[in-house]
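Visitor: Input structure: query_21.pdb, which contains PDB, C-alpha atoms and all ligand atoms.
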```pdb
ATOM      1  CA  MET G1179      -5.134   3.700 -16.597
ATOM      2  CA  LYS G1180      -5.385  -0.058 -16.137
ATOM      3  CA  THR G1181      -8.705  -1.360 -14.847
ATOM      4  CA  THR G1182     -10.001  -4.571 -13.235
ATOM      5  CA  SER G1183     -10.445  -6.212 -16.645
ATOM      6  CA  ASP G1184      -6.851  -5.383 -17.591
ATOM      7  CA  PHE G1185      -5.648  -7.132 -14.430
ATOM      8  CA  LEU G1186      -7.687 -10.241 -15.341
ATOM      9  CA  LYS G1187      -6.170 -10.114 -18.822
ATOM     10  CA  MET G1188      -2.673  -9.779 -17.388
ATOM     11  CA  LYS G1189      -3.238 -12.913 -15.354
ATOM     12  CA  LYS G1190      -4.498 -14.811 -18.409
ATOM     13  CA  ASN G1191      -1.492 -13.667 -20.460
ATOM     14  CA  LYS G1192       0.891 -14.516 -17.601
ATOM     15  CA  GLU G1193       2.009 -10.900 -17.456
ATOM     16  CA  LYS G1194       3.100 -10.068 -13.912
ATOM     17  CA  ILE G1195       1.367  -7.292 -11.982
ATOM     18  CA  ALA G1196       3.689  -4.897 -10.133
ATOM     19  CA  MET G1197       1.914  -3.366  -7.154
ATOM     20  CA  LEU G1198       3.478  -0.989  -4.652
ATOM     21  CA  THR G1199       2.165   0.960  -1.695
ATOM     22  CA  ALA G1200       2.229   4.764  -1.672
ATOM     23  CA  TYR G1201       0.958   7.158   0.956
ATOM     24  CA  ASP G1202       1.442  10.701  -0.283
ATOM     25  CA  TYR G1203       1.962  12.910  -3.343
ATOM     26  CA  PRO G1204       5.699  12.344  -3.973
ATOM     27  CA  SER G1205       5.653   8.578  -3.389
ATOM     28  CA  ALA G1206       2.615   8.170  -5.656
ATOM     29  CA  LYS G1207       4.198  10.347  -8.352
ATOM     30  CA  LEU G1208       7.394   8.274  -8.351
ATOM     31  CA  ALA G1209       5.442   5.003  -8.289
ATOM     32  CA  GLU G1210       3.435   6.064 -11.344
ATOM     33  CA  GLU G1211       6.561   7.277 -13.168
ATOM     34  CA  ALA G1212       8.268   3.935 -12.397
ATOM     35  CA  GLY G1213       5.440   2.089 -14.170
ATOM     36  CA  VAL G1214       3.673   0.482 -11.215
ATOM     37  CA  ASP G1215       0.435  -1.219 -12.389
ATOM     38  CA  MET G1216      -1.540  -0.708  -9.201
ATOM     39  CA  ILE G1217      -0.953   1.429  -6.103
ATOM     40  CA  LEU G1218      -2.041   0.293  -2.648
ATOM     41  CA  VAL G1219      -2.686   2.940  -0.042
ATOM     42  CA  GLY G1220      -2.032   0.399   2.685
ATOM     43  CA  ASP G1221      -2.894   0.840   6.329
ATOM     44  CA  SER G1222       0.812   0.034   6.750
ATOM     45  CA  LEU G1223       0.953   3.836   6.610
ATOM     46  CA  GLY G1224       0.225   3.635  10.339
ATOM     47  CA  MET G1225       3.662   2.153  10.850
ATOM     48  CA  VAL G1226       5.873   3.522   8.062
ATOM     49  CA  VAL G1227       4.442   7.045   7.853
ATOM     50  CA  LEU G1228       2.744   7.742  11.196
ATOM     51  CA  GLY G1229       5.079   5.796  13.486
ATOM     52  CA  TYR G1230       2.513   3.575  15.233
ATOM     53  CA  GLU G1231       3.469   0.088  16.504
ATOM     54  CA  SER G1232       0.837  -1.633  14.320
ATOM     55  CA  THR G1233      -1.919  -0.888  11.807
ATOM     56  CA  VAL G1234      -4.582  -1.005  14.550
ATOM     57  CA  PRO G1235      -4.736   2.770  15.361
ATOM     58  CA  VAL G1236      -5.304   3.773  11.701
ATOM     59  CA  THR G1237      -8.682   5.446  11.033
ATOM     60  CA  VAL G1238     -10.995   5.897   8.048
ATOM     61  CA  ASP G1239     -10.081   9.603   8.086
ATOM     62  CA  ASP G1240      -6.356   8.716   7.892
ATOM     63  CA  MET G1241      -7.025   6.508   4.851
ATOM     64  CA  ILE G1242      -9.046   9.237   3.123
ATOM     65  CA  HIS G1243      -6.420  11.915   3.847
ATOM     66  CA  HIS G1244      -3.561   9.832   2.411
ATOM     67  CA  THR G1245      -5.534   8.456  -0.552
ATOM     68  CA  LYS G1246      -6.402  12.003  -1.653
ATOM     69  CA  ALA G1247      -2.698  12.871  -1.751
ATOM     70  CA  VAL G1248      -1.879   9.647  -3.636
ATOM     71  CA  LYS G1249      -4.567  10.362  -6.230
ATOM     72  CA  ARG G1250      -3.067  13.806  -6.884
ATOM     73  CA  GLY G1251       0.375  12.248  -7.351
ATOM     74  CA  ALA G1252      -0.747   9.311  -9.510
ATOM     75  CA  PRO G1253      -3.768  10.455 -11.529
ATOM     76  CA  SER G1254      -3.324   7.665 -14.115
ATOM     77  CA  THR G1255      -2.862   4.638 -11.851
ATOM     78  CA  PHE G1256      -5.434   2.241 -10.357
ATOM     79  CA  VAL G1257      -5.550   2.991  -6.621
ATOM     80  CA  VAL G1258      -6.633   0.454  -3.998
ATOM     81  CA  THR G1259      -7.202   1.711  -0.437
ATOM     82  CA  ASP G1260      -7.203  -0.447   2.696
ATOM     83  CA  MET G1261     -10.299  -0.362   4.863
ATOM     84  CA  PRO G1262      -8.671   0.123   8.286
ATOM     85  CA  PHE G1263      -9.076  -1.826  11.535
ATOM     86  CA  MET G1264     -12.717  -2.427  12.600
ATOM     87  CA  SER G1265     -14.125  -0.242   9.822
ATOM     88  CA  TYR G1266     -15.894  -3.264   8.258
ATOM     89  CA  HIS G1267     -16.893  -5.335  11.304
ATOM     90  CA  LEU G1268     -19.469  -3.394  13.351
ATOM     91  CA  SER G1269     -22.463  -3.787  11.013
ATOM     92  CA  MET G1270     -23.097  -3.893   7.275
ATOM     93  CA  GLU G1271     -24.587  -0.392   7.455
ATOM     94  CA  ASN G1272     -21.482   0.969   9.168
ATOM     95  CA  THR G1273     -19.273  -0.904   6.668
ATOM     96  CA  LEU G1274     -21.137   0.576   3.695
ATOM     97  CA  THR G1275     -21.025   4.071   5.238
ATOM     98  CA  ASN G1276     -17.244   3.819   5.692
ATOM     99  CA  ALA G1277     -16.739   2.392   2.188
ATOM    100  CA  LYS G1278     -18.902   5.126   0.652
ATOM    101  CA  ARG G1279     -16.919   7.811   2.486
ATOM    102  CA  ILE G1280     -13.534   6.428   1.405
ATOM    103  CA  VAL G1281     -14.527   6.029  -2.241
ATOM    104  CA  GLN G1282     -16.448   9.302  -2.602
ATOM    105  CA  GLU G1283     -14.142  11.532  -0.563
ATOM    106  CA  SER G1284     -10.792  10.113  -1.715
ATOM    107  CA  GLY G1285     -11.460   8.752  -5.203
ATOM    108  CA  ALA G1286     -10.046   5.281  -4.469
ATOM    109  CA  HIS G1287     -10.825   2.868  -7.324
ATOM    110  CA  ALA G1288     -11.070  -0.203  -5.073
ATOM    111  CA  LEU G1289     -10.971  -1.171  -1.398
ATOM    112  CA  LYS G1290      -9.044  -3.966   0.331
ATOM    113  CA  VAL G1291     -10.314  -5.983   3.296
ATOM    114  CA  GLU G1292      -8.472  -8.569   5.394
ATOM    115  CA  GLY G1293      -9.644 -12.039   6.345
ATOM    116  CA  GLY G1294     -12.305 -14.658   5.673
ATOM    117  CA  GLY G1295     -15.522 -15.602   7.506
ATOM    118  CA  GLU G1296     -17.908 -12.658   7.830
ATOM    119  CA  VAL G1297     -15.652 -10.605   5.573
ATOM    120  CA  PHE G1298     -16.973 -12.563   2.559
ATOM    121  CA  HIS G1299     -20.327 -10.786   3.065
ATOM    122  CA  VAL G1300     -18.435  -7.502   3.036
ATOM    123  CA  ILE G1301     -16.794  -8.443  -0.277
ATOM    124  CA  SER G1302     -20.125  -9.316  -1.904
ATOM    125  CA  SER G1303     -21.995  -6.291  -0.489
ATOM    126  CA  LEU G1304     -19.364  -3.790  -1.596
ATOM    127  CA  THR G1305     -19.061  -5.465  -4.995
ATOM    128  CA  SER G1306     -22.863  -5.321  -5.419
ATOM    129  CA  ALA G1307     -22.710  -1.640  -4.526
ATOM    130  CA  GLY G1308     -20.241  -1.143  -7.389
ATOM    131  CA  ILE G1309     -16.989  -1.013  -5.444
ATOM    132  CA  PRO G1310     -14.241  -3.409  -6.607
ATOM    133  CA  VAL G1311     -12.772  -5.283  -3.639
ATOM    134  CA  VAL G1312      -9.342  -6.828  -3.122
ATOM    135  CA  ALA G1313      -9.301  -9.673  -0.576
ATOM    136  CA  HIS G1314      -6.306 -10.267   1.742
ATOM    137  CA  LEU G1315      -5.511 -13.687   3.275
ATOM    138  CA  GLY G1316      -2.562 -15.332   5.023
ATOM    139  CA  LEU G1317      -0.882 -12.957   7.434
ATOM    140  CA  THR G1318      -3.496 -10.282   8.061
ATOM    141  CA  PRO G1319      -1.794  -7.579  10.170
ATOM    142  CA  GLN G1320      -5.045  -6.129  11.562
ATOM    143  CA  SER G1321      -5.469  -9.472  13.409
ATOM    144  CA  VAL G1322      -1.889  -9.612  14.699
ATOM    145  CA  GLY G1323      -3.193  -9.931  18.249
ATOM    146  CA  VAL G1324      -5.209 -13.051  17.377
ATOM    147  CA  LEU G1325      -2.483 -14.542  15.146
ATOM    148  CA  GLY G1326       0.052 -14.086  17.953
ATOM    149  CA  GLY G1327       2.645 -12.178  15.936
ATOM    150  CA  TYR G1328       3.794 -11.557  12.382
ATOM    151  CA  LYS G1329       4.451 -15.103  11.131
ATOM    152  CA  VAL G1330       4.012 -17.353   8.114
ATOM    153  CA  GLN G1331       0.457 -18.681   7.703
ATOM    154  CA  GLY G1332      -0.831 -21.915   6.181
ATOM    155  CA  LYS G1333       2.143 -24.108   7.083
ATOM    156  CA  ASP G1334       0.105 -27.134   8.225
ATOM    157  CA  VAL G1335      -2.451 -29.217   6.319
ATOM    158  CA  GLU G1336      -5.458 -27.875   8.171
ATOM    159  CA  SER G1337      -4.660 -24.157   7.828
ATOM    160  CA  ALA G1338      -3.511 -24.635   4.218
ATOM    161  CA  LYS G1339      -6.827 -26.315   3.319
ATOM    162  CA  LYS G1340      -8.730 -23.509   5.015
ATOM    163  CA  MET G1341      -6.761 -20.892   3.082
ATOM    164  CA  ILE G1342      -7.489 -22.610  -0.237
ATOM    165  CA  GLN G1343     -11.198 -22.696   0.644
ATOM    166  CA  ASP G1344     -11.147 -19.045   1.816
ATOM    167  CA  ALA G1345      -9.441 -17.969  -1.415
ATOM    168  CA  ARG G1346     -12.134 -19.721  -3.474
ATOM    169  CA  THR G1347     -14.873 -18.146  -1.365
ATOM    170  CA  ALA G1348     -13.327 -14.683  -1.781
ATOM    171  CA  GLU G1349     -13.387 -15.138  -5.559
ATOM    172  CA  GLU G1350     -16.999 -16.373  -5.454
ATOM    173  CA  ALA G1351     -17.936 -13.367  -3.312
ATOM    174  CA  GLY G1352     -16.740 -11.172  -6.178
ATOM    175  CA  ALA G1353     -13.226 -10.114  -5.183
ATOM    176  CA  MET G1354     -11.297  -8.547  -8.112
ATOM    177  CA  ALA G1355      -7.941  -9.788  -6.762
ATOM    178  CA  LEU G1356      -6.439 -11.501  -3.751
ATOM    179  CA  VAL G1357      -3.403 -10.465  -1.733
ATOM    180  CA  LEU G1358      -1.601 -13.391  -0.078
ATOM    181  CA  GLU G1359       0.818 -12.366   2.660
ATOM    182  CA  CYS G1360       3.474 -14.609   4.244
ATOM    183  CA  VAL G1361       2.366 -17.935   2.790
ATOM    184  CA  PRO G1362       4.583 -20.895   1.739
ATOM    185  CA  MET G1363       5.340 -20.506  -1.975
ATOM    186  CA  GLN G1364       3.943 -23.945  -2.864
ATOM    187  CA  LEU G1365       0.581 -23.112  -1.317
ATOM    188  CA  ALA G1366       0.491 -19.661  -2.948
ATOM    189  CA  LYS G1367       1.257 -21.270  -6.327
ATOM    190  CA  ASP G1368      -1.627 -23.705  -5.928
ATOM    191  CA  ILE G1369      -4.055 -20.941  -4.916
ATOM    192  CA  ALA G1370      -3.009 -18.752  -7.873
ATOM    193  CA  ALA G1371      -3.543 -21.725 -10.194
ATOM    194  CA  GLN G1372      -7.011 -22.437  -8.791
ATOM    195  CA  LEU G1373      -8.318 -18.855  -9.042
ATOM    196  CA  SER G1374      -9.150 -16.860 -12.150
ATOM    197  CA  ILE G1375      -8.642 -13.529 -10.331
ATOM    198  CA  PRO G1376      -5.054 -12.263  -9.925
ATOM    199  CA  VAL G1377      -3.221 -13.377  -6.788
ATOM    200  CA  ILE G1378      -0.751 -10.722  -5.635
ATOM    201  CA  GLY G1379       1.892 -12.039  -3.280
ATOM    202  CA  ILE G1380       3.948 -10.488  -0.505
ATOM    203  CA  GLY G1381       6.158 -13.110   1.043
ATOM    204  CA  ALA G1382       4.332 -15.714  -1.066
ATOM    205  CA  GLY G1383       7.044 -16.683  -3.562
ATOM    206  CA  ILE G1384       7.313 -16.124  -7.287
ATOM    207  CA  ASP G1385       4.585 -18.431  -8.651
ATOM    208  CA  VAL G1386       1.727 -15.952  -8.247
ATOM    209  CA  ASP G1387       0.301 -13.322 -10.599
ATOM    210  CA  GLY G1388       2.044 -10.288  -9.174
ATOM    211  CA  GLN G1389       3.907  -8.836  -6.219
ATOM    212  CA  VAL G1390       3.243  -6.058  -3.743
ATOM    213  CA  LEU G1391       5.759  -4.444  -1.395
ATOM    214  CA  VAL G1392       5.751  -1.504   0.979
ATOM    215  CA  TYR G1393       7.268   1.611  -0.645
ATOM    216  CA  HIS G1394       9.462   2.463   2.352
ATOM    217  CA  ASP G1395      10.893  -1.084   2.353
ATOM    218  CA  VAL G1396      11.735  -0.997  -1.373
ATOM    219  CA  VAL G1397      13.600   2.307  -1.157
ATOM    220  CA  LYS G1398      14.730   1.794   2.465
ATOM    221  CA  TYR G1399      13.396   5.000   3.924
ATOM    222  CA  GLY G1400      12.664   5.284   7.637
ATOM    223  CA  VAL G1401      12.946   1.529   8.169
ATOM    224  CA  ASP G1402      15.958   0.061   9.944
ATOM    225  CA  ARG G1403      15.393  -3.606   9.175
ATOM    226  CA  VAL G1404      13.152  -5.216   6.582
ATOM    227  CA  PRO G1405      11.401  -8.628   6.722
ATOM    228  CA  LYS G1406      12.907 -11.685   4.960
ATOM    229  CA  PHE G1407      10.497 -11.409   2.012
ATOM    230  CA  VAL G1408      11.532  -7.826   1.142
ATOM    231  CA  GLN G1409      14.135  -6.712  -1.356
ATOM    232  CA  SER G1410      15.352  -3.143  -0.805
ATOM    233  CA  TYR G1411      16.490  -1.886  -4.204
ATOM    234  CA  VAL G1412      18.091   1.350  -3.034
ATOM    235  CA  ASP G1413      19.164   2.758   0.325
ATOM    236  CA  SER G1414      17.560   6.213   0.301
ATOM    237  CA  GLN G1415      18.163   6.640   3.987
ATOM    238  CA  VAL G1416      21.955   6.784   3.614
ATOM    239  CA  LEU G1417      21.714   9.342   0.782
ATOM    240  CA  MET G1418      19.167  11.474   2.624
ATOM    241  CA  LYS G1419      20.998  11.439   5.935
ATOM    242  CA  ASP G1420      24.216  12.442   4.203
ATOM    243  CA  GLY G1421      22.486  15.365   2.482
ATOM    244  CA  LEU G1422      20.800  16.523   5.679
ATOM    245  CA  GLN G1423      24.052  16.372   7.672
ATOM    246  CA  GLN G1424      25.813  18.471   5.009
ATOM    247  CA  TYR G1425      23.013  21.044   5.202
ATOM    248  CA  VAL G1426      23.270  21.344   8.992
ATOM    249  CA  HIS G1427      27.064  21.606   8.745
ATOM    250  CA  GLU G1428      26.957  24.339   6.076
ATOM    251  CA  VAL G1429      24.450  26.419   8.030
ATOM    252  CA  LYS G1430      26.480  26.216  11.226
ATOM    253  CA  GLU G1431      29.804  26.927   9.463
ATOM    254  CA  ASN G1432      28.426  29.894   7.445
ATOM    255  CA  ILE G1433      28.917  28.095   4.119
ATOM    256  CA  PHE G1434      25.260  28.153   3.041
ATOM    257  CA  PRO G1435      23.656  30.216   1.524
ATOM    258  CA  LYS G1436      26.203  31.372  -1.038
ATOM    259  CA  PRO G1437      25.832  34.561  -3.156
ATOM    260  CA  GLU G1438      24.165  32.509  -5.936
ATOM    261  CA  HIS G1439      21.341  31.578  -3.545
ATOM    262  CA  SER G1440      20.785  35.187  -2.495
ATOM    263  CA  PHE G1441      18.822  38.161  -3.867
ATOM    264  CA  THR G1442      20.281  41.664  -4.219
ATOM    265  CA  MET G1443      19.041  45.232  -4.462
ATOM    266  CA  LYS G1444      20.298  47.799  -7.018
ATOM    267  CA  GLU G1445      23.087  50.115  -5.731
ATOM    268  CA  GLU G1446      20.894  53.128  -6.432
ATOM    269  CA  THR G1447      18.019  51.764  -4.369
ATOM    270  CA  LEU G1448      20.384  50.896  -1.544
ATOM    271  CA  HIS G1449      21.733  54.426  -1.580
ATOM    272  CA  ARG G1450      18.264  55.961  -1.439
ATOM    273  CA  LEU G1451      17.287  53.595   1.349
ATOM    274  CA  TYR G1452      20.339  53.905   3.612
ATOM    275  CA  GLY G1453      21.984  57.103   2.361
TER
HETATM  276  O1  LIG L1501      -0.963  -2.209   4.278
HETATM  277  C1  LIG L1501      -0.232  -2.764   3.426
HETATM  278  O2  LIG L1501       0.825  -2.241   3.022
HETATM  279  C2  LIG L1501      -0.644  -4.067   2.912
HETATM  280  C3  LIG L1501       0.301  -4.803   2.021
HETATM  281  C4  LIG L1501       1.473  -5.254   2.795
HETATM  282  C5  LIG L1501      -0.361  -5.902   1.292
HETATM  283  O3  LIG L1501      -1.724  -4.485   3.213
HETATM  284 NA    NA L1502      -2.777  -3.409   4.893
END
```
Using the file provided, produce a representation of the structure as structure tokens.
Guide:
Amino acid sequence: MKTTSDFLKMKKNKEKIAMLTAYDYPSAKLAEEAGVDMILVGDSLGMVVLGYESTVPVTVDDMIHHTKAVKRGAPSTFVVTDMPFMSYHLSMENTLTNAKRIVQESGAHALKVEGGGEVFHVISSLTSAGIPVVAHLGLTPQSVGVLGGYKVQGKDVESAKKMIQDARTAEEAGAMALVLECVPMQLAKDIAAQLSIPVIGIGAGIDVDGQVLVYHDVVKYGVDRVPKFVQSYVDSQVLMKDGLQQYVHEVKENIFPKPEHSFTMKEETLHRLYG
């Protein structure tokens, strides 16, 4: 299994880090088999797996439940789990209690937190407690209400300067990596060049140290349209729907199950049973 020092080395050697979300046993198993370097149990599970409108309703218990399944599916991959909405804002004691629960109960190797400001104290406290932390700047979906929608961040001089400063502060606070979401590629490139920790982009262009995408977007499963920054590499939905429709058809038309799917009794036993 790769560790935090391997990810630093990968950055130094300009070897790209491939990160992908996963939320359950089969997705984690496939991600590991595909050679993903790092799995994110993202709170995006609220949308792509649980069907919520945003990541806001996701709870600490949800994150633990899904991370446990991911760990069983990908026992040899570094697993980062999102701290969900408001689980690291009430007080440092509450933050540490939630972090302790997620790490001890689920076995996550690292936690991810969104935003700057007070969150820098969270990064340093968790890191001091021995928990590696991934920072997340740019578009931070837990703050979608404040940001006024899902849009590109850091497009003007002022917000770009603030993001550069926030990225530096996150590194100083001890973050092991930084996720940059929906950021102009020139700005993301500059931030990746300024930091010694890996910068993992999503909608941040190619000049960063790695990429992360949402599993269901990559394989197009349960999602009707994907954002501009996503590449869907296979359309699972079409294949799955086709298979499911054939199943329903064969049941209704008495085609399935065939003799080869069925079990039989010996003639002699049948005779003794029914005469
Ligand atoms: O929850 C998530 O999937 C994420 C990634 C998009 C970075 O935070
Ligand atoms: Na997330």
Visitor: Determine the residue membership of the PyMOL selection byres (((chain G and resi 1210-1217) around 6) and not hetatm) for the file above and supply it as a list in words.
Guide: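 After applying the PyMOL selection byres (((chain G and resi 1210-1217) around 6) and not hetatm), what remains is Ala1196, Met1197, Leu1198, Thr1199, Lys1207, Leu1208, Ala1209, Leu1218, Ala1252, Phe1256 and Val1257 of chain G.
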Visitor: Could you give me, as a count of residues only, every polymer residue with an atom at most 10 Å away from an atom of ligand NA 1502 (chain L), counting only C-alpha atoms and all ligand atoms?
Guide: 24
Visitor: When you count only C-alpha atoms and all ligand atoms, which of these residues is closest to ligand LIG 1501 (chain L): G:His1394, G:Lys1192, G:Arg1346, G:His1267?
Guide: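 That would be G:His1394, the residue with the smallest distance to ligand LIG 1501 (chain L).
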Visitor: For a test of reading the model, state the distance in Å between atom CA of G:Val1416 and atom CA of G:Pro1204, rounded to one decimal.
Guide: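 Computing it gives 18.8 Å between the two atoms.
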Visitor: The PyMOL selection byres (((chain G and resi 1248) around 7) and not hetatm) - which residues does that actually catch in the file I just gave you? List them as an MDAnalysis selection string.
Guide: chainID G and resid 1200:1203 1206 1244:1247 1249:1252
Visitor: Please give the centre and size of the box around stretch 1385-1403 of chain G (axis-aligned, containing every atom listed in the file, 4 Å added per side), with values in Å to one decimal and written as lines of an AutoDock Vina configuration file.
Guide:
```
center_x = 8.1
center_y = -6.6
center_z = -0.3
size_x = 23.7
size_y = 31.7
size_z = 28.5
```
Visitor: Using Å and a single decimal, report how far atom CA of G:Gly1326 sits from atom CA of G:Tyr1393.
Guide: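 We find that atom CA of G:Tyr1393 and atom CA of G:Gly1326 lie 25.4 Å from each other.
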Visitor: In Å, with one decimal, what is the gap from atom CA of G:Met1418 to atom CA of G:Glu1431?
Guide: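 Computed distance, atom CA of G:Met1418 to atom CA of G:Glu1431, equals 20.0 Å.
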Visitor: Check which residues satisfy the PyMOL selection byres (((chain G and resi 1180) around 9) and not hetatm) in the file shown, then give them as a PyMOL selection string.
Guide: chain G and resi 1179+1181-1185+1215-1216+1254-1256
Visitor: With a distance cut-off of 7 Å and only C-alpha atoms, select the neighbouring residues of G:Ile1301, excluding the residue or stretch itself and same-chain residues fewer than 3 positions from it, and output the selection as a PDB file with C-alpha atoms, in the coordinates of the input.
Guide:
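Listed below is the output, result-v4.pdb:
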```pdb
ATOM      1  CA  VAL G1297     -15.652 -10.605   5.573  1.00  0.00           C
ATOM      2  CA  PHE G1298     -16.973 -12.563   2.559  1.00  0.00           C
ATOM      3  CA  LEU G1304     -19.364  -3.790  -1.596  1.00  0.00           C
ATOM      4  CA  THR G1305     -19.061  -5.465  -4.995  1.00  0.00           C
ATOM      5  CA  VAL G1311     -12.772  -5.283  -3.639  1.00  0.00           C
ATOM      6  CA  ALA G1351     -17.936 -13.367  -3.312  1.00  0.00           C
ATOM      7  CA  GLY G1352     -16.740 -11.172  -6.178  1.00  0.00           C
ATOM      8  CA  ALA G1353     -13.226 -10.114  -5.183  1.00  0.00           C
TER       9      ALA G1353
END
```
Visitor: Using all atoms listed in the file, determine which residues lie at most 12 Å from stretch 1401-1411 of chain G, disregarding the query and same-chain residues fewer than 2 positions distant; provide the list as a PyMOL selection string.
Guide: chain G and resi 1225-1227+1229+1328-1330+1359-1363+1379-1384+1389-1399+1413-1416
Visitor: List the neighbours of G:Glu1193 out to 12 Å using only C-alpha atoms; skip same-chain residues closer than 2 positions along the sequence, and give me the result as a list in words.
Guide: Asp1184, Phe1185, Leu1186, Lys1187, Met1188, Lys1189, Lys1190, Asn1191, Ile1195, Ala1196, Asp1215, Pro1376, Asp1385, Val1386, Asp1387, Gly1388 and Gln1389 of chain G
Visitor: Can you pull out the residues contacting G:Lys1278? Cut-off 10 Å, using all atoms listed in the file, and skip same-chain residues under 6 positions away; I want them as a PyMOL selection string.
Guide: chain G and resi 1272+1284+1304+1307+1309
Visitor: From the set G:Leu1451, G:Ile1342, G:Ile1369, G:Val1236, which residue has the shortest atom-to-atom contact distance to ligand LIG 1501 (chain L), counting all atoms listed in the file?
Guide: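 Residue with the minimum atom-to-atom distance to ligand LIG 1501 (chain L): G:Val1236.
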Visitor: Neighbours of G:Ile1280 within 8 Å (only C-alpha atoms; same-chain residues fewer than 4 positions away dropped), as a list of chain:residue names?
Guide: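 Contacts, with the query itself left out: G:Val1238, G:Met1241, G:Ile1242, G:Asn1276, G:Ser1284, G:Gly1285, G:Ala1286.
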Visitor: Pull C-alpha atoms from the residues just selected and write them as a PDB file, in the coordinates of the input.
Guide:
```
ATOM      1  CA  VAL G1238     -10.995   5.897   8.048  1.00  0.00           C
ATOM      2  CA  MET G1241      -7.025   6.508   4.851  1.00  0.00           C
ATOM      3  CA  ILE G1242      -9.046   9.237   3.123  1.00  0.00           C
ATOM      4  CA  ASN G1276     -17.244   3.819   5.692  1.00  0.00           C
ATOM      5  CA  SER G1284     -10.792  10.113  -1.715  1.00  0.00           C
ATOM      6  CA  GLY G1285     -11.460   8.752  -5.203  1.00  0.00           C
ATOM      7  CA  ALA G1286     -10.046   5.281  -4.469  1.00  0.00           C
TER       8      ALA G1286
END
```
